[in-house]
Amino acid sequence: MTAAVSRLAVALAGLPIVLGLAWLGGWPLVVFVAIAALFALHELYRVTRDFRPLVLAGYAGAIVAFIGLQFGGIEWLALGLLVTLVVGFVFAALADTSASRTVALAVTTFGVLWIVGGLAHLVLIRETAIDGDGGDRGQLAIFTVLIAVFATDTAAYVVGRLVGRRKLVPRLSPGKTWEGFIGGAVAGVFATWVANYKEGYLENWEAVVLGVAIVGAATLGDLFESMIKRDIGVKDTGTLLGGHGGVLDRIDSLLLAGPAAFYVLLALDAVAP
């Protein structure tokens, strides 16, 4: 099975599951996202093992963050980071190691902030999106983000493979091209606009603004993970998802797109503060 076929198979199998749980929301979505976050954290800590990340502290912070998010909202996300810092400090202080404790704690906390913080904003979008009359629009909002990111990633990959010539950021990701980026941007903005067309949630211009934010953040998220992998010297963070690599390789775009979408929607009064 070629990498392209494997990527397509994983996407077709996984997208309905993700969309179904996004539709349900509540604890089913929180549990699913938390499991994905723990897998992604495991992959990050595995490829950065030379820095001696404090794995249990990271897991504890992730679990506390998602439980707090479900019960208390965005303010409780900070509790997960605080738990990571406190537990990580205790572990680092007690560890008998010649490695840098500061670096170990930094890598541990960074993983929770990046991965857990990014995915948690998707849950926030699902639970707090409202229309002008205060009606629940969480299903539409999270579907918009997920489909826009999927459209951006897929179009960028296909267009880049077919006609890509000019490298986007060769020092970070030699495979990404300007042609692919433009194709992905058009697809992502169009998908955002179509998802909201005549739905009474966002105005046309607001949907375009949201689409631009999602496309930009998704692209940066992909490049950000590429920078980390290139710096560490690995091609993929894992092999769990076949041609997609690991869980972290699959969700990297969402880790920045989720927060970007949430704060744009907040600025547009399309989510409850």
# chains A, B, ... in the order shown; residues from 1 in each chain; ligands from 1
call {"tool": "residues_around", "arguments": {"residues": "region 232-238 of chain A", "least_positions_apart": "3", "cutoff": "10 Å", "atoms": "only C-alpha atoms", "output": "count of residues only"}}
result
25
call {"tool": "select_by_dssp", "arguments": {"residues": "region 69-141 of chain A", "states": "helix (DSSP H, G or I)", "output": "MDAnalysis selection string"}}
result
chainID A and resid 69:72 74:94 101:128 138:141
call {"tool": "closest_residue", "arguments": {"among": "A:Val123, A:Ala78, A:Leu56, A:Ala93", "to": "Phe32 (chain A)", "atoms": "only C-alpha atoms"}}
result
A:Val123
call {"tool": "residues_around", "arguments": {"residues": "Gly160 (chain A)", "least_positions_apart": "4", "cutoff": "10 Å", "atoms": "only C-alpha atoms", "output": "PyMOL selection string"}}
result
chain A and resi 154-156+164-167+175-184
call {"tool": "residues_around", "arguments": {"residues": "Ile115 (chain A)", "least_positions_apart": "2", "cutoff": "8 Å", "atoms": "only C-alpha atoms", "output": "list in words"}}
result
Ala37, Ala40, Leu41, Gly111, Val112, Leu113, Gly117, Gly118, Leu119 and Leu255 of chain A
call {"tool": "write_last_selection", "arguments": {"atoms": "C-alpha atoms", "output": "short mmCIF file (atom, residue, chain, number, x, y, z; two decimals), in the first residue's frame"}}
result
data_model
loop_
_atom_site.label_atom_id
_atom_site.label_comp_id
_atom_site.auth_asym_id
_atom_site.auth_seq_id
_atom_site.Cartn_x
_atom_site.Cartn_y
_atom_site.Cartn_z
CA ALA A 37 -4.06 14.15 23.33
CA ALA A 40 0.08 12.63 20.89
CA LEU A 41 1.85 13.49 24.14
CA GLY A 111 3.78 19.40 25.25
CA VAL A 112 0.74 20.01 27.46
CA LEU A 113 0.42 23.65 26.39
CA GLY A 117 -4.33 23.49 24.82
CA GLY A 118 -4.82 23.14 21.07
CA LEU A 119 -7.30 20.28 21.20
CA LEU A 255 -3.41 22.33 17.34
#
call {"tool": "atom_distance", "arguments": {"atom1": "CA of Val107 (chain A)", "atom2": "CA of Leu54 (chain A)"}}
result
8.2 Å
call {"tool": "select_by_dssp", "arguments": {"residues": "region 63-238 of chain A", "states": "strand (DSSP E)", "output": "list in words"}}
result
Lys167, Leu168, Val169, Ser173, Pro174, Gly175, Lys176 and Thr177 of chain A
call {"tool": "residues_around", "arguments": {"residues": "Ala267 (chain A)", "least_positions_apart": "5", "cutoff": "12 Å", "atoms": "only C-alpha atoms", "output": "ChimeraX atom specification"}}
result
/A:129,206,209-210,260-262,272-273
call {"tool": "write_last_selection", "arguments": {"atoms": "N, CA and C atoms", "output": "PDB file, in the first residue's frame"}}
result
ATOM      1  N   ALA A 129     -20.338  27.706  21.088  1.00  0.00           N
ATOM      2  CA  ALA A 129     -20.751  28.452  19.893  1.00  0.00           C
ATOM      3  C   ALA A 129     -22.236  28.789  19.948  1.00  0.00           C
ATOM      4  N   GLU A 206     -17.796  37.179   7.488  1.00  0.00           N
ATOM      5  CA  GLU A 206     -17.283  36.558   8.709  1.00  0.00           C
ATOM      6  C   GLU A 206     -16.783  35.148   8.435  1.00  0.00           C
ATOM      7  N   VAL A 209     -13.391  35.466   6.823  1.00  0.00           N
ATOM      8  CA  VAL A 209     -12.377  35.797   7.837  1.00  0.00           C
ATOM      9  C   VAL A 209     -12.015  34.561   8.651  1.00  0.00           C
ATOM     10  N   LEU A 210     -13.029  33.815   9.068  1.00  0.00           N
ATOM     11  CA  LEU A 210     -12.773  32.589   9.812  1.00  0.00           C
ATOM     12  C   LEU A 210     -11.978  31.604   8.971  1.00  0.00           C
ATOM     13  N   ALA A 260      -7.081  29.371  16.976  1.00  0.00           N
ATOM     14  CA  ALA A 260      -7.302  30.503  16.068  1.00  0.00           C
ATOM     15  C   ALA A 260      -8.790  30.666  15.767  1.00  0.00           C
ATOM     16  N   ALA A 261      -9.466  29.555  15.473  1.00  0.00           N
ATOM     17  CA  ALA A 261     -10.898  29.611  15.163  1.00  0.00           C
ATOM     18  C   ALA A 261     -11.690  30.085  16.373  1.00  0.00           C
ATOM     19  N   PHE A 262     -11.342  29.588  17.554  1.00  0.00           N
ATOM     20  CA  PHE A 262     -12.082  29.970  18.755  1.00  0.00           C
ATOM     21  C   PHE A 262     -12.005  31.470  19.001  1.00  0.00           C
ATOM     22  N   ALA A 272     -19.871  31.930  23.216  1.00  0.00           N
ATOM     23  CA  ALA A 272     -20.146  32.565  24.497  1.00  0.00           C
ATOM     24  C   ALA A 272     -18.842  32.810  25.241  1.00  0.00           C
ATOM     25  N   PRO A 273     -18.630  34.013  25.788  1.00  0.00           N
ATOM     26  CA  PRO A 273     -17.369  34.301  26.508  1.00  0.00           C
ATOM     27  C   PRO A 273     -17.303  33.516  27.814  1.00  0.00           C
TER      28      PRO A 273
END
call {"tool": "atom_distance", "arguments": {"atom1": "CA of Ile142 (chain A)", "atom2": "CA of Gly20 (chain A)"}}
result
11.2 Å
call {"tool": "closest_residue", "arguments": {"among": "A:Leu69, A:Leu172, A:Ala13, A:Ala148", "to": "Ala187 (chain A)", "atoms": "only C-alpha atoms"}}
result
A:Ala148
call {"tool": "atom_distance", "arguments": {"atom1": "CA of Leu223 (chain A)", "atom2": "CA of Glu127 (chain A)"}}
result
28.5 Å
call {"tool": "residues_around", "arguments": {"residues": "Thr84 (chain A)", "least_positions_apart": "4", "cutoff": "9 Å", "atoms": "only C-alpha atoms", "output": "list in words"}}
result
Leu54, Leu56, Ala57, Gly58, Tyr59, Ala60, Gly61, Ala62, Leu79, Gly80, Gly88, Phe89, Leu105, Thr108, Thr109 and Val112 of chain A
call {"tool": "closest_residue", "arguments": {"among": "A:Ile125, A:Leu77, A:Ala191, A:Leu38", "to": "Arg137 (chain A)", "atoms": "only C-alpha atoms"}}
result
A:Ile125
call {"tool": "residues_around", "arguments": {"residues": "Ala141 (chain A)", "least_positions_apart": "3", "cutoff": "12 Å", "atoms": "only C-alpha atoms", "output": "number ranges by chain"}}
result
A: 19, 22-23, 25, 121-131, 136-138, 144-148, 192-193, 195-196, 199-202, 207, 210-211, 258, 261-262, 264-266, 270-271
call {"tool": "closest_residue", "arguments": {"among": "A:Ala151, A:Ala217, A:Leu240, A:Ala104", "to": "Phe91 (chain A)", "atoms": "only C-alpha atoms"}}
result
A:Ala104
